[in-house]
>>> print(open('structure_1.pdb').read())   # PDB, C-alpha atoms and all ligand atoms
ATOM      1  CA  MET A   1       0.000   0.000   0.000
ATOM      2  CA  LEU A   2       0.973   3.610  -0.453
ATOM      3  CA  GLN A   3       1.802   4.147   3.228
ATOM      4  CA  ASP A   4       4.096   1.095   3.283
ATOM      5  CA  VAL A   5       5.908   2.320   0.178
ATOM      6  CA  LEU A   6       6.392   5.741   1.699
ATOM      7  CA  ARG A   7       7.644   4.268   4.981
ATOM      8  CA  GLN A   8      10.223   2.153   3.155
ATOM      9  CA  ILE A   9      11.357   5.156   1.111
ATOM     10  CA  GLU A  10      11.754   7.308   4.200
ATOM     11  CA  ARG A  11      14.056   4.696   5.790
ATOM     12  CA  ARG A  12      16.534   4.667   2.894
ATOM     13  CA  ASP A  13      18.696   7.067   0.896
ATOM     14  CA  ARG A  14      19.805   5.446  -2.377
ATOM     15  CA  PHE A  15      17.246   4.186  -4.897
ATOM     16  CA  LEU A  16      17.214   2.607  -8.265
ATOM     17  CA  LEU A  17      14.089   3.021 -10.384
ATOM     18  CA  THR A  18      13.224   0.771 -13.269
ATOM     19  CA  SER A  19      10.390  -0.649 -15.349
ATOM     20  CA  HIS A  20       9.735  -3.276 -17.981
ATOM     21  CA  ALA A  21      11.892  -3.865 -21.044
ATOM     22  CA  ARG A  22      10.610  -2.177 -24.234
ATOM     23  CA  PRO A  23       9.329   0.664 -22.056
ATOM     24  CA  ASP A  24       6.182   2.553 -23.042
ATOM     25  CA  GLY A  25       5.060   6.043 -22.047
ATOM     26  CA  ASP A  26       3.765   5.059 -18.612
ATOM     27  CA  ALA A  27       6.941   3.103 -17.833
ATOM     28  CA  ILE A  28       9.257   5.968 -18.774
ATOM     29  CA  GLY A  29       7.102   8.866 -17.575
ATOM     30  CA  SER A  30       6.370   7.242 -14.207
ATOM     31  CA  ALA A  31       9.989   6.240 -13.601
ATOM     32  CA  LEU A  32      11.316   9.707 -14.521
ATOM     33  CA  ALA A  33       8.682  11.448 -12.389
ATOM     34  CA  CYS A  34       9.202   9.127  -9.425
ATOM     35  CA  CYS A  35      12.969   9.693  -9.659
ATOM     36  CA  GLN A  36      12.443  13.451  -9.462
ATOM     37  CA  VAL A  37      10.032  13.064  -6.553
ATOM     38  CA  LEU A  38      12.638  11.035  -4.644
ATOM     39  CA  ARG A  39      15.294  13.637  -5.379
ATOM     40  CA  ALA A  40      12.902  16.339  -4.147
ATOM     41  CA  MET A  41      12.647  14.270  -0.928
ATOM     42  CA  GLY A  42      16.430  14.537  -0.571
ATOM     43  CA  LYS A  43      17.169  10.996  -1.805
ATOM     44  CA  GLN A  44      19.667   9.806  -4.370
ATOM     45  CA  ALA A  45      17.911   8.129  -7.276
ATOM     46  CA  ASP A  46      18.754   6.817 -10.757
ATOM     47  CA  VAL A  47      16.540   5.428 -13.511
ATOM     48  CA  VAL A  48      18.046   2.313 -15.070
ATOM     49  CA  LEU A  49      16.329   0.531 -17.973
ATOM     50  CA  HIS A  50      17.277  -2.477 -20.036
ATOM     51  CA  ASP A  51      16.316  -0.792 -23.320
ATOM     52  CA  ALA A  52      16.991   2.654 -24.716
ATOM     53  CA  VAL A  53      14.383   5.373 -24.247
ATOM     54  CA  PRO A  54      12.222   5.246 -27.418
ATOM     55  CA  ARG A  55      12.639   8.210 -29.725
ATOM     56  CA  VAL A  56       9.276   9.855 -28.932
ATOM     57  CA  TYR A  57      10.044   9.956 -25.170
ATOM     58  CA  ARG A  58      13.573  11.327 -25.477
ATOM     59  CA  SER A  59      12.460  14.923 -25.051
ATOM     60  CA  LEU A  60      10.930  14.209 -21.622
ATOM     61  CA  PRO A  61      12.665  16.053 -18.766
ATOM     62  CA  PHE A  62      15.689  14.094 -17.508
ATOM     63  CA  ALA A  63      15.245  11.341 -20.124
ATOM     64  CA  ASP A  64      18.891  11.961 -21.070
ATOM     65  CA  GLN A  65      19.923  10.784 -17.587
ATOM     66  CA  VAL A  66      18.379   7.316 -17.989
ATOM     67  CA  VAL A  67      21.067   4.648 -17.715
ATOM     68  CA  GLN A  68      20.781   1.730 -20.121
ATOM     69  CA  ALA A  69      22.193  -1.502 -18.672
ATOM     70  CA  ASP A  70      21.844  -5.292 -18.553
ATOM     71  CA  ARG A  71      22.995  -5.582 -14.945
ATOM     72  CA  ILE A  72      22.562  -3.405 -11.860
ATOM     73  CA  LYS A  73      25.739  -2.314 -10.156
ATOM     74  CA  GLY A  74      26.177  -0.027  -7.205
ATOM     75  CA  GLY A  75      25.048   0.198  -3.645
ATOM     76  CA  TYR A  76      21.369   0.929  -4.038
ATOM     77  CA  GLU A  77      19.413   0.329  -0.843
ATOM     78  CA  ALA A  78      16.197  -0.441  -2.709
ATOM     79  CA  ALA A  79      14.874  -0.825  -6.229
ATOM     80  CA  ILE A  80      11.488   0.609  -7.127
ATOM     81  CA  ILE A  81       9.989  -1.311 -10.035
ATOM     82  CA  LEU A  82       7.206   0.633 -11.724
ATOM     83  CA  GLU A  83       4.558  -0.543 -14.191
ATOM     84  CA  CYS A  84       6.021  -4.027 -14.321
ATOM     85  CA  ASP A  85       4.662  -7.306 -12.977
ATOM     86  CA  SER A  86       7.874  -9.251 -12.398
ATOM     87  CA  VAL A  87      11.629  -8.921 -11.948
ATOM     88  CA  HIS A  88      11.996 -10.997 -15.100
ATOM     89  CA  ARG A  89      10.186  -8.399 -17.271
ATOM     90  CA  THR A  90      12.743  -5.741 -16.359
ATOM     91  CA  ARG A  91      15.342  -7.966 -18.062
ATOM     92  CA  LEU A  92      17.863  -6.525 -15.584
ATOM     93  CA  GLU A  93      20.235  -8.788 -13.719
ATOM     94  CA  GLY A  94      21.338  -7.999 -10.202
ATOM     95  CA  LEU A  95      17.909  -7.089  -8.785
ATOM     96  CA  GLU A  96      17.315 -10.447  -7.101
ATOM     97  CA  ASP A  97      19.079  -9.763  -3.812
ATOM     98  CA  ARG A  98      17.891  -6.209  -3.348
ATOM     99  CA  PHE A  99      15.015  -4.761  -1.404
ATOM    100  CA  LEU A 100      12.241  -4.455  -3.985
ATOM    101  CA  ILE A 101       9.250  -2.122  -4.080
ATOM    102  CA  SER A 102       6.618  -2.667  -6.780
ATOM    103  CA  ILE A 103       4.255   0.091  -7.916
ATOM    104  CA  ASP A 104       1.906  -1.122 -10.641
ATOM    105  CA  HIS A 105      -1.632  -0.773 -11.941
ATOM    106  CA  HIS A 106      -1.827  -3.894 -14.113
ATOM    107  CA  ILE A 107      -4.715  -6.241 -13.547
ATOM    108  CA  SER A 108      -2.294  -9.127 -14.179
ATOM    109  CA  GLY A 109       0.137  -7.726 -11.585
ATOM    110  CA  ARG A 110       1.052 -10.269  -8.957
ATOM    111  CA  PRO A 111       2.913  -9.422  -5.754
ATOM    112  CA  PHE A 112       6.593 -10.271  -6.281
ATOM    113  CA  ALA A 113       8.439  -7.573  -4.298
ATOM    114  CA  HIS A 114       9.013  -7.027  -0.580
ATOM    115  CA  VAL A 115       6.474  -4.213  -0.680
ATOM    116  CA  ASN A 116       3.760  -4.338  -3.332
ATOM    117  CA  TRP A 117       1.431  -1.487  -4.145
ATOM    118  CA  ILE A 118      -0.806  -2.725  -6.968
ATOM    119  CA  ASP A 119      -3.905  -0.743  -7.847
ATOM    120  CA  PRO A 120      -5.777  -1.959 -10.946
ATOM    121  CA  HIS A 121      -8.231   0.934 -10.506
ATOM    122  CA  ALA A 122      -5.501   3.454 -11.359
ATOM    123  CA  VAL A 123      -5.686   4.233 -15.097
ATOM    124  CA  ALA A 124      -1.900   4.526 -15.256
ATOM    125  CA  THR A 125       1.036   3.981 -12.917
ATOM    126  CA  ALA A 126       1.493   7.740 -13.292
ATOM    127  CA  GLU A 127      -1.673   8.212 -11.211
ATOM    128  CA  MET A 128      -0.044   6.222  -8.389
ATOM    129  CA  VAL A 129       3.197   8.221  -8.609
ATOM    130  CA  PHE A 130       1.079  11.364  -8.395
ATOM    131  CA  ARG A 131      -0.543  10.065  -5.172
ATOM    132  CA  LEU A 132       2.869   9.098  -3.784
ATOM    133  CA  ALA A 133       4.271  12.560  -4.531
ATOM    134  CA  ARG A 134       1.299  14.297  -2.952
ATOM    135  CA  GLU A 135       1.428  12.078   0.145
ATOM    136  CA  ALA A 136       5.173  12.790   0.445
ATOM    137  CA  GLY A 137       4.482  16.514   0.215
ATOM    138  CA  ALA A 138       6.772  16.880  -2.807
ATOM    139  CA  ARG A 139       6.424  20.001  -4.951
ATOM    140  CA  PHE A 140       5.003  19.295  -8.410
ATOM    141  CA  SER A 141       7.558  20.909 -10.685
ATOM    142  CA  PRO A 142       6.622  21.462 -14.361
ATOM    143  CA  GLU A 143       9.121  18.665 -15.168
ATOM    144  CA  ILE A 144       7.376  16.137 -12.896
ATOM    145  CA  ALA A 145       3.991  17.267 -14.256
ATOM    146  CA  THR A 146       5.195  16.843 -17.863
ATOM    147  CA  CYS A 147       6.438  13.295 -17.245
ATOM    148  CA  LEU A 148       3.235  12.289 -15.452
ATOM    149  CA  TYR A 149       0.934  13.946 -18.019
ATOM    150  CA  THR A 150       2.742  12.179 -20.878
ATOM    151  CA  ALA A 151       2.453   8.850 -19.057
ATOM    152  CA  LEU A 152      -1.243   9.443 -18.401
ATOM    153  CA  MET A 153      -1.959  10.563 -21.960
ATOM    154  CA  THR A 154      -0.216   7.593 -23.570
ATOM    155  CA  ASP A 155      -1.496   4.890 -21.209
ATOM    156  CA  THR A 156      -5.097   6.016 -21.590
ATOM    157  CA  GLY A 157      -4.821   6.121 -25.395
ATOM    158  CA  SER A 158      -5.112   9.904 -25.312
ATOM    159  CA  PHE A 159      -7.898   9.693 -22.720
ATOM    160  CA  MET A 160      -9.934   7.270 -24.869
ATOM    161  CA  PHE A 161      -9.546   3.866 -23.183
ATOM    162  CA  GLN A 162     -12.008   2.223 -20.868
ATOM    163  CA  GLY A 163     -11.417   3.257 -17.270
ATOM    164  CA  VAL A 164     -10.991   6.939 -18.127
ATOM    165  CA  ASN A 165     -13.390   8.921 -15.966
ATOM    166  CA  GLN A 166     -13.775  12.222 -14.163
ATOM    167  CA  HIS A 167     -10.836  11.380 -11.867
ATOM    168  CA  THR A 168      -8.560  10.992 -14.887
ATOM    169  CA  PHE A 169      -9.461  14.470 -16.090
ATOM    170  CA  ALA A 170      -9.136  15.876 -12.585
ATOM    171  CA  LEU A 171      -5.620  14.420 -12.444
ATOM    172  CA  ALA A 172      -4.840  15.829 -15.904
ATOM    173  CA  GLN A 173      -6.080  19.212 -14.706
ATOM    174  CA  GLU A 174      -3.780  19.092 -11.671
ATOM    175  CA  LEU A 175      -0.840  18.243 -13.905
ATOM    176  CA  VAL A 176      -1.630  21.050 -16.334
ATOM    177  CA  LEU A 177      -1.947  23.485 -13.428
ATOM    178  CA  ALA A 178       1.473  22.270 -12.248
ATOM    179  CA  GLY A 179       3.017  23.138 -15.611
ATOM    180  CA  ALA A 180       2.406  20.312 -18.119
ATOM    181  CA  ASP A 181       1.642  21.700 -21.584
ATOM    182  CA  PRO A 182      -0.905  19.320 -23.233
ATOM    183  CA  ALA A 183      -0.272  20.463 -26.807
ATOM    184  CA  HIS A 184       3.492  20.198 -26.379
ATOM    185  CA  CYS A 185       3.216  16.724 -24.775
ATOM    186  CA  ALA A 186       0.891  15.516 -27.562
ATOM    187  CA  ARG A 187       3.094  16.932 -30.322
ATOM    188  CA  SER A 188       6.211  15.261 -28.884
ATOM    189  CA  ILE A 189       4.490  11.872 -28.990
ATOM    190  CA  TYR A 190       2.076  11.854 -31.918
ATOM    191  CA  PHE A 191       3.951  14.000 -34.429
ATOM    192  CA  ALA A 192       7.440  12.666 -33.859
ATOM    193  CA  HIS A 193       7.375   9.296 -35.629
ATOM    194  CA  SER A 194      10.197   7.800 -37.626
ATOM    195  CA  GLU A 195       9.709   7.202 -41.330
ATOM    196  CA  ALA A 196      10.299   3.490 -40.605
ATOM    197  CA  LYS A 197       7.159   3.407 -38.481
ATOM    198  CA  LEU A 198       5.001   4.695 -41.317
ATOM    199  CA  ARG A 199       6.626   2.221 -43.732
ATOM    200  CA  LEU A 200       5.811  -0.614 -41.313
ATOM    201  CA  LEU A 201       2.243   0.653 -41.071
ATOM    202  CA  GLY A 202       2.076   0.300 -44.857
ATOM    203  CA  GLU A 203       3.227  -3.337 -44.597
ATOM    204  CA  ALA A 204       0.789  -4.022 -41.758
ATOM    205  CA  LEU A 205      -2.181  -2.548 -43.650
ATOM    206  CA  ARG A 206      -1.313  -4.658 -46.708
ATOM    207  CA  ASN A 207      -1.442  -7.791 -44.511
ATOM    208  CA  LEU A 208      -4.700  -6.879 -42.767
ATOM    209  CA  LYS A 209      -7.226  -9.687 -42.292
ATOM    210  CA  THR A 210     -10.724  -9.469 -40.840
ATOM    211  CA  GLU A 211     -13.218 -12.055 -39.637
ATOM    212  CA  GLY A 212     -16.411 -10.718 -38.113
ATOM    213  CA  HIS A 213     -15.496  -8.774 -34.992
ATOM    214  CA  LEU A 214     -11.831  -9.828 -35.179
ATOM    215  CA  ALA A 215      -9.030  -8.244 -37.188
ATOM    216  CA  TRP A 216      -5.328  -8.943 -37.229
ATOM    217  CA  THR A 217      -2.150  -8.195 -39.088
ATOM    218  CA  TRP A 218       1.569  -8.872 -38.930
ATOM    219  CA  VAL A 219       5.008  -7.657 -39.903
ATOM    220  CA  SER A 220       7.892 -10.028 -40.552
ATOM    221  CA  HIS A 221      11.478  -9.718 -39.393
ATOM    222  CA  GLU A 222      12.314  -9.148 -43.058
ATOM    223  CA  HIS A 223       9.966  -6.101 -43.087
ATOM    224  CA  MET A 224      11.691  -4.805 -39.964
ATOM    225  CA  GLN A 225      15.079  -5.147 -41.625
ATOM    226  CA  ARG A 226      13.924  -3.706 -44.958
ATOM    227  CA  TRP A 227      12.905  -0.455 -43.309
ATOM    228  CA  ALA A 228      15.632  -0.487 -40.621
ATOM    229  CA  ALA A 229      12.789  -0.428 -38.092
ATOM    230  CA  LYS A 230      13.218  -0.725 -34.337
ATOM    231  CA  ASP A 231      10.876  -2.554 -31.934
ATOM    232  CA  GLU A 232       9.458   0.782 -30.842
ATOM    233  CA  ASP A 233       8.335   1.525 -34.419
ATOM    234  CA  CYS A 234       5.635  -1.137 -33.978
ATOM    235  CA  GLU A 235       4.106   0.537 -30.939
ATOM    236  CA  GLY A 236       0.537   1.622 -31.628
ATOM    237  CA  LEU A 237       0.188  -0.023 -35.052
ATOM    238  CA  VAL A 238      -2.427  -2.370 -33.574
ATOM    239  CA  ASN A 239      -4.684   0.627 -32.933
ATOM    240  CA  TYR A 240      -5.148   1.145 -36.690
ATOM    241  CA  VAL A 241      -6.518  -2.395 -36.866
ATOM    242  CA  LEU A 242      -8.886  -1.736 -33.956
ATOM    243  CA  SER A 243     -10.087   1.479 -35.589
ATOM    244  CA  ILE A 244     -12.344  -0.457 -38.023
ATOM    245  CA  GLY A 245     -15.964   0.116 -36.969
ATOM    246  CA  GLU A 246     -17.102  -3.529 -36.869
ATOM    247  CA  VAL A 247     -13.970  -4.768 -35.123
ATOM    248  CA  GLU A 248     -14.122  -5.494 -31.382
ATOM    249  CA  VAL A 249     -10.718  -7.126 -30.941
ATOM    250  CA  ALA A 250      -7.465  -6.561 -32.837
ATOM    251  CA  ALA A 251      -4.173  -8.443 -32.853
ATOM    252  CA  PHE A 252      -0.792  -7.395 -34.198
ATOM    253  CA  PHE A 253       1.954  -9.986 -34.697
ATOM    254  CA  ARG A 254       5.591  -8.920 -34.930
ATOM    255  CA  GLU A 255       8.137 -11.532 -35.917
ATOM    256  CA  LEU A 256      11.280 -11.568 -33.778
ATOM    257  CA  PRO A 257      14.737 -12.418 -35.120
ATOM    258  CA  ASP A 258      14.425 -15.940 -33.605
ATOM    259  CA  GLY A 259      11.182 -16.682 -35.469
ATOM    260  CA  ARG A 260       8.927 -16.225 -32.424
ATOM    261  CA  PHE A 261       6.269 -13.497 -32.351
ATOM    262  CA  ARG A 262       5.360 -10.622 -30.037
ATOM    263  CA  VAL A 263       1.633 -10.150 -30.045
ATOM    264  CA  SER A 264      -0.219  -6.955 -29.159
ATOM    265  CA  LEU A 265      -3.914  -7.392 -28.368
ATOM    266  CA  ARG A 266      -6.481  -4.625 -28.171
ATOM    267  CA  SER A 267     -10.185  -4.710 -27.323
ATOM    268  CA  LYS A 268     -12.994  -2.189 -27.371
ATOM    269  CA  GLY A 269     -14.217  -3.625 -24.073
ATOM    270  CA  LYS A 270     -16.332  -6.731 -24.751
ATOM    271  CA  LEU A 271     -13.422  -9.179 -24.450
ATOM    272  CA  ASP A 272     -10.831  -9.108 -21.685
ATOM    273  CA  VAL A 273      -7.614  -9.462 -23.691
ATOM    274  CA  ALA A 274      -5.441  -9.543 -20.543
ATOM    275  CA  ARG A 275      -6.895 -12.999 -19.867
ATOM    276  CA  VAL A 276      -6.036 -14.127 -23.371
ATOM    277  CA  ALA A 277      -2.458 -12.778 -23.114
ATOM    278  CA  GLU A 278      -2.000 -14.514 -19.743
ATOM    279  CA  ARG A 279      -2.741 -17.852 -21.435
ATOM    280  CA  PHE A 280       0.404 -17.317 -23.485
ATOM    281  CA  GLY A 281       2.560 -16.107 -20.601
ATOM    282  CA  GLY A 282       1.925 -12.401 -21.142
ATOM    283  CA  GLY A 283      -0.393  -9.928 -19.487
ATOM    284  CA  GLY A 284      -1.610  -6.348 -19.424
ATOM    285  CA  HIS A 285      -5.030  -4.747 -19.186
ATOM    286  CA  GLU A 286      -8.576  -5.703 -20.148
ATOM    287  CA  CYS A 287      -8.357  -3.584 -23.294
ATOM    288  CA  ALA A 288      -4.610  -3.697 -24.051
ATOM    289  CA  SER A 289      -2.325  -6.639 -23.512
ATOM    290  CA  GLY A 290       0.624  -8.434 -25.026
ATOM    291  CA  CYS A 291       2.352 -11.803 -25.043
ATOM    292  CA  PRO A 292       4.990 -13.891 -26.781
ATOM    293  CA  VAL A 293       3.903 -16.738 -29.094
ATOM    294  CA  ASP A 294       5.940 -19.376 -30.911
ATOM    295  CA  GLY A 295       6.150 -19.208 -34.708
ATOM    296  CA  PRO A 296       5.732 -19.856 -37.506
ATOM    297  CA  LEU A 297       3.221 -17.158 -38.368
ATOM    298  CA  ALA A 298       0.402 -19.515 -39.406
ATOM    299  CA  SER A 299       0.415 -21.391 -36.092
ATOM    300  CA  ALA A 300       0.912 -18.230 -34.016
ATOM    301  CA  VAL A 301      -2.130 -16.648 -35.677
ATOM    302  CA  ARG A 302      -4.156 -19.868 -35.394
ATOM    303  CA  GLU A 303      -3.508 -20.241 -31.662
ATOM    304  CA  VAL A 304      -4.206 -16.645 -30.749
ATOM    305  CA  LEU A 305      -7.323 -16.410 -32.929
ATOM    306  CA  GLN A 306      -8.675 -19.618 -31.454
ATOM    307  CA  ARG A 307      -8.597 -17.950 -28.042
ATOM    308  CA  LEU A 308     -10.031 -14.677 -29.316
ATOM    309  CA  ARG A 309     -12.889 -16.390 -31.197
ATOM    310  CA  ARG A 310     -14.136 -18.033 -28.033
ATOM    311  CA  GLY A 311     -15.206 -14.580 -26.946
ATOM    312  CA  PRO A 312     -16.104 -13.133 -23.578
ATOM    313  CA  SER A 313     -18.052 -16.138 -22.299
ATOM    314  CA  VAL A 314     -14.959 -18.246 -21.563
ATOM    315  CA  GLN A 315     -12.724 -15.693 -19.834
TER     316      GLN A 315
HETATM  317  P1  LIG A 401       1.873  -3.722 -26.019
HETATM  318  O1  LIG A 401       0.923  -4.462 -26.895
HETATM  319  O2  LIG A 401       1.774  -2.248 -26.257
HETATM  320  O3  LIG A 401       3.267  -4.262 -26.073
HETATM  321  O4  LIG A 401       1.386  -3.952 -24.528
HETATM  322  C1  LIG A 401       0.107  -3.613 -24.093
HETATM  323  C2  LIG A 401       0.033  -3.763 -22.588
HETATM  324  O5  LIG A 401       0.276  -5.105 -22.213
HETATM  325  C3  LIG A 401       1.062  -2.915 -21.836
HETATM  326  O6  LIG A 401       0.459  -2.446 -20.654
HETATM  327  C4  LIG A 401       2.151  -3.891 -21.518
HETATM  328  O7  LIG A 401       2.820  -3.536 -20.343
HETATM  329  C5  LIG A 401       1.412  -5.210 -21.366
HETATM  330  N1  LIG A 401       2.231  -6.321 -21.850
HETATM  331  C6  LIG A 401       2.723  -6.477 -23.103
HETATM  332  N2  LIG A 401       3.447  -7.605 -23.197
HETATM  333  C7  LIG A 401       3.410  -8.181 -21.979
HETATM  334  C8  LIG A 401       4.001  -9.391 -21.442
HETATM  335  O8  LIG A 401       4.685 -10.158 -22.102
HETATM  336  N3  LIG A 401       3.748  -9.629 -20.114
HETATM  337  C9  LIG A 401       2.988  -8.794 -19.343
HETATM  338  N4  LIG A 401       2.792  -9.133 -18.084
HETATM  339  N5  LIG A 401       2.425  -7.678 -19.823
HETATM  340  C10 LIG A 401       2.630  -7.368 -21.122
END
>>> encode(input="structure_1.pdb", output="structure tokens", more="lines below")
Ligand code: 5GP
Amino acid sequence: MLQDVLRQIERRDRFLLTSHARPDGDAIGSALACCQVLRAMGKQADVVLHDAVPRVYRSLPFADQVVQADRIKGGYEAAIILECDSVHRTRLEGLEDRFLISIDHHISGRPFAHVNWIDPHAVATAEMVFRLAREAGARFSPEIATCLYTALMTDTGSFMFQGVNQHTFALAQELVLAGADPAHCARSIYFAHSEAKLRLLGEALRNLKTEGHLAWTWVSHEHMQRWAAKDEDCEGLVNYVLSIGEVEVAAFFRELPDGRFRVSLRSKGKLDVARVAERFGGGGHECASGCPVDGPLASAVREVLQRLRRGPSVQ
């Protein structure tokens, strides 16, 4: 719970903050904001991530201070793992023997740390960091507000996903009052794509398949190489598939160099896709989840679609 997290923070001085590999906006924004909150509390704190900060998040305040590493070194007294449901998903070595604090809003989040604060009612981990900062009495600088607003905006699909309510807008209002500039935050994310991303979108739209309320598409490793695309260039492509009026559930398959696939699942609300992703060892939210699946493409698609076709009744 929040009070336990705060108590553990107060007892220590040196913190490491991290999140899941292939970090998204909530992972990066929450970690950067939480780091600044800890520093405002007089603590030493560093953000360490397994993967590089994706291009669209590089202009966030203090994003240039994020350390990219495979292994944690240094005398941190605790690691705060945000927006991540296991040590394994951080892909960082050297966390095992440390004091771990988990702050997460995923419905699939299971307690794995020494102190676990998991709130599936929070629309983003950013909302929890906001509560932590307020409880700690930290000043909301424009930099903290910008990181949290960006996390909130991206994790709610620009305030469109299920779960967004009056509290979400009240939080957004607080962040704007504290100095976040909504137009600037939106421009940095939605008008800052690489050309490779748009090229991949072209490939994905060419491969689009529909079947009643389901739609899916894929990009191969060869497509990724052809356009010199990075993993992050695939983020959000699944939303184009979901944007078809009749479609309730969308899947996007990305082939990995080893022939396996990363699957992104999205739902308009009638099917809980977190449950489907969990079946394959992944997780996420009711309306947005992801998982790994073995190749080749035909069997990956067959297995995932089989689960999706069964619909809400078997969740
Ligand atoms: P995306 O499709 O954008 O990669 O992920 C959508 C959501 O599902 C995000 O909240 C992400 O954290 C979560 N997610 C994606 N892949 C996995 C996975 O392999 N395991 C878990 N637990 N969550 C995942």
>>> residues_around(input="structure_1.pdb", residues="Leu305 of chain A", least_positions_apart="2", cutoff="12 Å", atoms="all atoms listed in the file", output="PyMOL selection string")
chain A and resi 209-217+249-253+263+265+273+276-277+293+297-303+307-311
>>> residues_near_ligand(input="structure_1.pdb", ligand="ligand LIG 401 (chain A)", cutoff="7 Å", atoms="all atoms listed in the file", output="ChimeraX atom specification")
/A:84-85,108,235-236,263-265,281-285,288-292
>>> atom_distance(input="structure_1.pdb", atom1="atom CA of Ala172 of chain A", atom2="atom CA of Arg187 of chain A")
16.5 Å
>>> residues_around(input="structure_1.pdb", residues="Thr146 of chain A", least_positions_apart="6", cutoff="10 Å", atoms="all atoms listed in the file", output="ChimeraX atom specification")
/A:29,32-33,60-61,140,152,175-176,178-182,184-185
>>> resolve_selection(input="structure_1.pdb", expression="the PyMOL selection byres (((chain A and resi 106) around 12) and not hetatm)", output="ChimeraX atom specification")
/A:26-27,82-86,102-105,107-111,117-125,128,155,274-275,282-289
>>> closest_residue(input="structure_1.pdb", among="A:Val238, A:Val247, A:Leu132, A:Val304", to="Phe261 of chain A", atoms="only C-alpha atoms")
A:Val304
>>> closest_residue(input="structure_1.pdb", among="A:Glu222, A:Asp4, A:Asp272, A:Glu278", to="Glu255 of chain A", atoms="all atoms listed in the file")
A:Glu222
>>> residues_near_point(input="structure_1.pdb", point="(9.6, -0.5, -20.8)", cutoff="12 Å", atoms="only C-alpha atoms", output="NGL selection string")
:A and (17-31 or 47-54 or 57 or 68 or 81-85 or 89-92 or 151 or 231-232 or 235)
>>> write_last_selection(input="structure_1.pdb", atoms="C-alpha atoms", output="PDB file, keeping the file's coordinate frame")
ATOM      1  CA  LEU A  17      14.089   3.021 -10.384  1.00  0.00           C
ATOM      2  CA  THR A  18      13.224   0.771 -13.269  1.00  0.00           C
ATOM      3  CA  SER A  19      10.390  -0.649 -15.349  1.00  0.00           C
ATOM      4  CA  HIS A  20       9.735  -3.276 -17.981  1.00  0.00           C
ATOM      5  CA  ALA A  21      11.892  -3.865 -21.044  1.00  0.00           C
ATOM      6  CA  ARG A  22      10.610  -2.177 -24.234  1.00  0.00           C
ATOM      7  CA  PRO A  23       9.329   0.664 -22.056  1.00  0.00           C
ATOM      8  CA  ASP A  24       6.182   2.553 -23.042  1.00  0.00           C
ATOM      9  CA  GLY A  25       5.060   6.043 -22.047  1.00  0.00           C
ATOM     10  CA  ASP A  26       3.765   5.059 -18.612  1.00  0.00           C
ATOM     11  CA  ALA A  27       6.941   3.103 -17.833  1.00  0.00           C
ATOM     12  CA  ILE A  28       9.257   5.968 -18.774  1.00  0.00           C
ATOM     13  CA  GLY A  29       7.102   8.866 -17.575  1.00  0.00           C
ATOM     14  CA  SER A  30       6.370   7.242 -14.207  1.00  0.00           C
ATOM     15  CA  ALA A  31       9.989   6.240 -13.601  1.00  0.00           C
ATOM     16  CA  VAL A  47      16.540   5.428 -13.511  1.00  0.00           C
ATOM     17  CA  VAL A  48      18.046   2.313 -15.070  1.00  0.00           C
ATOM     18  CA  LEU A  49      16.329   0.531 -17.973  1.00  0.00           C
ATOM     19  CA  HIS A  50      17.277  -2.477 -20.036  1.00  0.00           C
ATOM     20  CA  ASP A  51      16.316  -0.792 -23.320  1.00  0.00           C
ATOM     21  CA  ALA A  52      16.991   2.654 -24.716  1.00  0.00           C
ATOM     22  CA  VAL A  53      14.383   5.373 -24.247  1.00  0.00           C
ATOM     23  CA  PRO A  54      12.222   5.246 -27.418  1.00  0.00           C
ATOM     24  CA  TYR A  57      10.044   9.956 -25.170  1.00  0.00           C
ATOM     25  CA  GLN A  68      20.781   1.730 -20.121  1.00  0.00           C
ATOM     26  CA  ILE A  81       9.989  -1.311 -10.035  1.00  0.00           C
ATOM     27  CA  LEU A  82       7.206   0.633 -11.724  1.00  0.00           C
ATOM     28  CA  GLU A  83       4.558  -0.543 -14.191  1.00  0.00           C
ATOM     29  CA  CYS A  84       6.021  -4.027 -14.321  1.00  0.00           C
ATOM     30  CA  ASP A  85       4.662  -7.306 -12.977  1.00  0.00           C
ATOM     31  CA  ARG A  89      10.186  -8.399 -17.271  1.00  0.00           C
ATOM     32  CA  THR A  90      12.743  -5.741 -16.359  1.00  0.00           C
ATOM     33  CA  ARG A  91      15.342  -7.966 -18.062  1.00  0.00           C
ATOM     34  CA  LEU A  92      17.863  -6.525 -15.584  1.00  0.00           C
ATOM     35  CA  ALA A 151       2.453   8.850 -19.057  1.00  0.00           C
ATOM     36  CA  ASP A 231      10.876  -2.554 -31.934  1.00  0.00           C
ATOM     37  CA  GLU A 232       9.458   0.782 -30.842  1.00  0.00           C
ATOM     38  CA  GLU A 235       4.106   0.537 -30.939  1.00  0.00           C
TER      39      GLU A 235
END
>>> closest_residue(input="structure_1.pdb", among="A:Cys234, A:Leu256, A:Val129, A:Val5", to="Pro296 of chain A", atoms="all atoms listed in the file")
A:Leu256
>>> residues_near_point(input="structure_1.pdb", point="(-16.5, -1.7, -17.4)", cutoff="8 Å", atoms="all atoms listed in the file", output="list of chain:residue names")
A:Gln162, A:Gly163, A:Gly269
>>> resolve_selection(input="structure_1.pdb", expression="the PyMOL selection byres (((chain A and resi 137) around 12) and not hetatm)", output="list in words")
Leu6, Val37, Leu38, Ala40, Met41, Phe130, Arg131, Leu132, Ala133, Arg134, Glu135, Ala136, Ala138, Arg139 and Phe140 of chain A
>>> axis_aligned_box(input="structure_1.pdb", around="segment 96-111 of chain A", padding_each_side="4 Å", output="AutoDock Vina command-line options")
--center_x 7.2 --center_y -5.2 --center_z -7.8 --size_x 31.8 --size_y 18.5 --size_z 20.8
